[in-house]
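Source file data_22.pdb; content: PDB, C-alpha atoms.
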```pdb
ATOM      1  CA  PHE J   1     -16.815  22.249  -3.767
ATOM      2  CA  THR J   2     -18.616  20.763  -6.766
ATOM      3  CA  ASN J   3     -19.698  17.127  -6.977
ATOM      4  CA  VAL J   4     -16.494  16.197  -8.797
ATOM      5  CA  SER J   5     -13.106  17.946  -8.613
ATOM      6  CA  ALA J   6      -9.544  17.274  -9.633
ATOM      7  CA  ILE J   7      -6.463  17.330  -7.420
ATOM      8  CA  LYS J   8      -2.804  16.902  -8.226
ATOM      9  CA  VAL J   9      -1.020  14.163  -6.319
ATOM     10  CA  TYR J  10       2.765  14.248  -6.412
ATOM     11  CA  ALA J  11       3.773  10.588  -6.556
ATOM     12  CA  GLN J  12       7.522  10.518  -7.168
ATOM     13  CA  CYS J  13       7.808   7.505  -4.841
ATOM     14  CA  LEU J  14       6.083   5.511  -7.607
ATOM     15  CA  ARG J  15       7.275   7.303 -10.730
ATOM     16  CA  PRO J  16      10.285   9.584 -10.105
ATOM     17  CA  HIS J  17      10.166  11.013 -13.630
ATOM     18  CA  ARG J  18       6.550  12.169 -13.333
ATOM     19  CA  ALA J  19       5.840  15.400 -11.468
ATOM     20  CA  TYR J  20       2.252  14.591 -10.494
ATOM     21  CA  LYS J  21      -0.864  12.665 -11.407
ATOM     22  CA  THR J  22      -4.253  14.324 -11.656
ATOM     23  CA  VAL J  23      -6.892  12.482  -9.655
ATOM     24  CA  ILE J  24     -10.644  13.016  -9.859
ATOM     25  CA  ILE J  25     -12.351  13.058  -6.467
ATOM     26  CA  THR J  26     -15.882  13.394  -5.162
ATOM     27  CA  ARG J  27     -17.116  14.690  -1.820
ATOM     28  CA  HIS J  28     -16.689  11.210  -0.335
ATOM     29  CA  THR J  29     -13.316  10.151  -1.776
ATOM     30  CA  THR J  30     -10.961   8.991   0.974
ATOM     31  CA  SER J  31      -7.205   9.118   0.978
ATOM     32  CA  ARG J  32      -7.153   5.262   0.867
ATOM     33  CA  GLN J  33      -9.223   5.347  -2.332
ATOM     34  CA  VAL J  34      -6.753   7.813  -3.852
ATOM     35  CA  VAL J  35      -3.812   5.535  -2.952
ATOM     36  CA  LEU J  36      -5.527   2.453  -4.413
ATOM     37  CA  GLY J  37      -6.453   4.402  -7.545
ATOM     38  CA  LEU J  38      -2.870   5.582  -8.056
ATOM     39  CA  LEU J  39      -1.479   2.063  -7.640
ATOM     40  CA  SER J  40      -3.998   0.820 -10.174
ATOM     41  CA  ARG J  41      -3.306   3.623 -12.674
ATOM     42  CA  PHE J  42       0.446   3.027 -12.419
ATOM     43  CA  ARG J  43      -0.202  -0.721 -12.896
ATOM     44  CA  MET J  44       1.200  -1.549  -9.476
ATOM     45  CA  LYS J  45      -1.581  -3.720  -8.108
ATOM     46  CA  HIS J  46       1.118  -6.132  -6.950
ATOM     47  CA  ARG J  47       2.457  -3.548  -4.483
ATOM     48  CA  ASP J  48       1.272  -3.539  -0.876
ATOM     49  CA  PRO J  49      -1.148  -0.599  -0.592
ATOM     50  CA  ARG J  50      -0.463  -0.407   3.163
ATOM     51  CA  LEU J  51       3.037   0.829   2.327
ATOM     52  CA  PHE J  52       1.615   4.072   0.950
ATOM     53  CA  TYR J  53      -0.172   7.052   2.451
ATOM     54  CA  LEU J  54      -1.087  10.605   1.472
ATOM     55  CA  THR J  55       0.189  13.795   3.008
ATOM     56  CA  MET J  56      -1.214  17.272   2.630
ATOM     57  CA  GLU J  57       1.253  20.147   2.554
ATOM     58  CA  VAL J  58      -0.351  23.398   3.606
ATOM     59  CA  ASN J  59       1.277  26.782   2.993
ATOM     60  CA  ILE J  60       0.687  29.048   5.962
ATOM     61  CA  GLY J  61       0.269  32.765   5.486
ATOM     62  CA  ASP J  62       2.216  34.818   2.954
ATOM     63  CA  GLY J  63       5.629  33.389   3.762
ATOM     64  CA  ASP J  64       7.343  30.195   2.839
ATOM     65  CA  LYS J  65       6.113  28.408   5.946
ATOM     66  CA  SER J  66       4.422  25.099   5.318
ATOM     67  CA  ARG J  67       3.072  22.233   7.388
ATOM     68  CA  THR J  68       2.780  18.636   6.331
ATOM     69  CA  ILE J  69      -0.094  16.557   7.623
ATOM     70  CA  SER J  70      -0.116  12.764   7.268
ATOM     71  CA  LEU J  71      -3.628  11.737   6.317
ATOM     72  CA  GLU J  72      -5.499   8.799   7.798
ATOM     73  CA  ASP J  73      -6.885   6.241   5.361
ATOM     74  CA  SER J  74     -10.441   7.398   6.098
ATOM     75  CA  SER J  75      -9.726  11.130   5.595
ATOM     76  CA  CYS J  76     -12.116  12.719   3.098
ATOM     77  CA  ILE J  77     -10.026  14.803   0.721
ATOM     78  CA  ALA J  78     -12.838  17.263  -0.115
ATOM     79  CA  ASP J  79     -13.413  18.044   3.569
ATOM     80  CA  LEU J  80      -9.714  18.743   4.082
ATOM     81  CA  ILE J  81      -9.586  21.083   1.109
ATOM     82  CA  SER J  82     -12.704  22.976   2.205
ATOM     83  CA  CYS J  83     -11.441  23.328   5.803
ATOM     84  CA  ASN J  84      -8.058  24.732   4.772
ATOM     85  CA  PRO J  85      -8.142  28.452   5.742
ATOM     86  CA  TRP J  86      -4.982  29.234   3.754
ATOM     87  CA  GLY J  87      -6.407  27.970   0.483
ATOM     88  CA  THR J  88      -3.350  26.350  -1.070
ATOM     89  CA  CYS J  89      -2.280  22.812  -0.487
ATOM     90  CA  ARG J  90      -0.359  20.029  -2.174
ATOM     91  CA  PHE J  91      -0.970  16.294  -1.875
ATOM     92  CA  ARG J  92       1.953  13.865  -1.875
ATOM     93  CA  LEU J  93       2.029  10.109  -1.965
ATOM     94  CA  LYS J  94       4.597   8.794   0.510
ATOM     95  CA  ALA J  95       5.973   5.322   1.187
ATOM     96  CA  ARG J  96       6.453   3.743   4.586
ATOM     97  CA  GLN J  97       9.380   1.531   5.475
ATOM     98  CA  GLY J  98       8.512  -2.080   4.764
ATOM     99  CA  GLY J  99      10.031  -5.499   5.147
ATOM    100  CA  LEU J 100      10.919  -8.125   2.591
ATOM    101  CA  VAL J 101       9.221 -11.517   2.626
ATOM    102  CA  LYS J 102      10.076 -14.425   0.399
ATOM    103  CA  ILE J 103       7.148 -16.670  -0.446
ATOM    104  CA  TYR J 104       7.836 -20.002  -2.114
ATOM    105  CA  ASP J 105       5.148 -20.423  -4.742
ATOM    106  CA  GLY J 106       6.294 -23.392  -6.826
ATOM    107  CA  ALA J 107       3.141 -25.312  -5.862
ATOM    108  CA  VAL J 108       1.028 -22.553  -7.443
ATOM    109  CA  ARG J 109       3.250 -21.626 -10.384
ATOM    110  CA  THR J 110       5.503 -24.306 -11.752
ATOM    111  CA  ASP J 111       7.596 -21.664 -13.545
ATOM    112  CA  SER J 112       8.447 -19.924 -10.259
ATOM    113  CA  ILE J 113      10.451 -20.779  -7.168
ATOM    114  CA  TYR J 114       9.511 -17.838  -4.987
ATOM    115  CA  LYS J 115       8.184 -14.288  -4.947
ATOM    116  CA  SER J 116       9.898 -11.543  -2.998
ATOM    117  CA  ILE J 117       7.549  -8.768  -1.966
ATOM    118  CA  ILE J 118       7.877  -5.790   0.317
ATOM    119  CA  ILE J 119       5.039  -5.452   2.808
ATOM    120  CA  SER J 120       4.229  -3.114   5.676
ATOM    121  CA  GLN J 121       4.365  -3.970   9.377
ATOM    122  CA  ASP J 122       0.542  -3.960   9.428
ATOM    123  CA  THR J 123       0.044  -6.291   6.466
ATOM    124  CA  THR J 124      -1.752  -9.494   7.402
ATOM    125  CA  VAL J 125      -1.528 -12.946   5.874
ATOM    126  CA  ALA J 126      -4.880 -12.268   4.139
ATOM    127  CA  ASP J 127      -3.521  -8.992   2.702
ATOM    128  CA  THR J 128      -0.422 -10.835   1.459
ATOM    129  CA  VAL J 129      -2.562 -13.490  -0.219
ATOM    130  CA  ASP J 130      -4.490 -10.685  -1.979
ATOM    131  CA  ILE J 131      -1.219  -9.208  -3.253
ATOM    132  CA  LEU J 132      -0.061 -12.622  -4.469
ATOM    133  CA  GLU J 133      -3.372 -13.249  -6.231
ATOM    134  CA  SER J 134      -2.898  -9.994  -8.150
ATOM    135  CA  CYS J 135       0.450 -11.383  -9.398
ATOM    136  CA  TYR J 136      -1.075 -14.593 -10.752
ATOM    137  CA  ALA J 137      -3.640 -15.311 -13.406
ATOM    138  CA  LYS J 138      -6.964 -16.590 -12.084
ATOM    139  CA  GLN J 139      -6.497 -19.727  -9.993
ATOM    140  CA  ASP J 140      -9.050 -22.228 -11.355
ATOM    141  CA  GLY J 141     -11.171 -21.731  -8.232
ATOM    142  CA  ARG J 142      -8.427 -22.651  -5.753
ATOM    143  CA  GLN J 143      -8.100 -20.532  -2.627
ATOM    144  CA  LEU J 144      -4.502 -19.590  -1.869
ATOM    145  CA  GLU J 145      -3.224 -20.095   1.652
ATOM    146  CA  LEU J 146       0.115 -19.427   3.285
ATOM    147  CA  VAL J 147       1.825 -22.073   5.343
ATOM    148  CA  GLU J 148       4.911 -21.898   7.490
ATOM    149  CA  LEU J 149       7.498 -24.599   6.869
ATOM    150  CA  ASP J 150       9.860 -25.746   9.613
ATOM    151  CA  GLN J 151      13.092 -26.355   7.684
ATOM    152  CA  SER J 152      14.503 -28.749  10.280
ATOM    153  CA  THR J 153      11.482 -31.074  10.645
ATOM    154  CA  GLY J 154       9.632 -30.487   7.368
ATOM    155  CA  SER J 155       6.382 -29.876   9.254
ATOM    156  CA  THR J 156       3.978 -27.183   8.103
ATOM    157  CA  ARG J 157       1.502 -24.912   9.852
ATOM    158  CA  LEU J 158      -1.346 -23.043   8.174
ATOM    159  CA  LEU J 159      -1.036 -19.321   8.953
ATOM    160  CA  ASP J 160      -4.045 -17.474  10.336
ATOM    161  CA  ALA J 161      -5.410 -14.830   7.957
ATOM    162  CA  ARG J 162      -5.196 -12.167  10.711
ATOM    163  CA  ASP J 163      -1.534 -12.793  11.568
ATOM    164  CA  LYS J 164       0.913 -10.072  10.591
ATOM    165  CA  LEU J 165       3.484 -11.726   8.383
ATOM    166  CA  LEU J 166       6.481  -9.568   9.330
ATOM    167  CA  GLU J 167       5.822 -10.203  13.049
ATOM    168  CA  LEU J 168       5.741 -13.942  12.376
ATOM    169  CA  GLN J 169       8.922 -13.717  10.354
ATOM    170  CA  ASP J 170      10.670 -11.845  13.185
ATOM    171  CA  GLU J 171       9.806 -14.703  15.546
ATOM    172  CA  TRP J 172      11.236 -17.432  13.316
ATOM    173  CA  GLY J 173      14.313 -18.982  14.836
ATOM    174  CA  LYS J 174      13.943 -17.273  18.234
ATOM    175  CA  ASP J 175      12.827 -20.512  19.923
ATOM    176  CA  ASP J 176      15.988 -22.350  18.909
TER
END
```
Using structure tokens, write down the structure from this file.
Amino acid sequence: FTNVSAIKVYAQCLRPHRAYKTVIITRHTTSRQVVLGLLSRFRMKHRDPRLFYLTMEVNIGDGDKSRTISLEDSSCIADLISCNPWGTCRFRLKARQGGLVKIYDGAVRTDSIYKSIIISQDTTVADTVDILESCYAKQDGRQLELVELDQSTGSTRLLDARDKLLELQDEWGKDD
């Protein structure tokens, strides 16, 4: 393995009309870095990166047998390639099931009422704020925060950055 290599990543979940995207990797490139790079190259910084993961399809032996391995975010691509005894493999970008959240952003953007974004089960409030910030132009130094609004009383509660937004959303209305 040289210092820099190229791999093909089949990313039809982002661009169905494109067979693959060539990605340059180093010895230390992780699967998370590949995912973030693909989202950036496809101009999809507004998408939740936690929705996406890489798989490695390995052909076994001479036959048509293959195995698909879901890669962890920290997996080093070069190590996986060098440890593959069968030699051939294919990388695919896959999407996880997500959930839809509607975030009212009229206080930030007067030309908008709300943003609907799909996020993963593991996406935190802080992650969601990062996604929202990528949708907006620079915010004159203001820090964005998410608050929960009780429709019946009008009271608000600042959400903790570590809270998982879909879990919070699932709980809404259960106390009624």
query: Nearest to J:Ser5: which of J:Thr153, J:Ser40, J:Thr26, J:Ser31 is it, counting all atoms listed in the file?
result: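 Ranking J:Thr153, J:Ser40, J:Thr26, J:Ser31 by distance to J:Ser5, first place goes to J:Thr26.
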task: Please write the residues picked by the PyMOL selection byres ((chain J and resi 74-84) around 10) on this file as a PyMOL selection string.
output: chain J and resi 1-5+7+25-34+54+56+58-60+70-73+85-91
task: Could you state which residues are captured by the PyMOL selection byres ((chain J and resi 126) around 9) in this file, as number ranges by chain?
output: J: 123-125, 127-131, 145-146, 160-164
Applying the PyMOL selection byres ((chain J and resi 68) around 6) to the file I just gave you, which residues come out? Please list them as a short mmCIF file (atom, residue, chain, number, x, y, z; two decimals) with C-alpha atoms, keeping the file's coordinate frame.
```
data_model
loop_
_atom_site.label_atom_id
_atom_site.label_comp_id
_atom_site.auth_asym_id
_atom_site.auth_seq_id
_atom_site.Cartn_x
_atom_site.Cartn_y
_atom_site.Cartn_z
CA MET J 56 -1.21 17.27 2.63
CA GLU J 57 1.25 20.15 2.55
CA ARG J 67 3.07 22.23 7.39
CA ILE J 69 -0.09 16.56 7.62
#
```
message: Just to confirm, what's the straight-line distance from atom CA of J:Leu159 to atom CA of J:Arg47 in Å (one decimal)?
response: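 Atom CA of J:Arg47 lies at a distance of 21.0 Å from atom CA of J:Leu159.
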field: Counting only C-alpha atoms, the option among J:Arg50, J:Lys65, J:Lys45, J:Arg142 closest to J:Ala107
entry: J:Arg142
- prompt: Nearest to J:Val35: which of J:Leu168, J:Val101, J:Leu93, J:Ile119 is it, counting only C-alpha atoms?
  reply: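 Under the stated criterion, the closest residue is J:Leu93.
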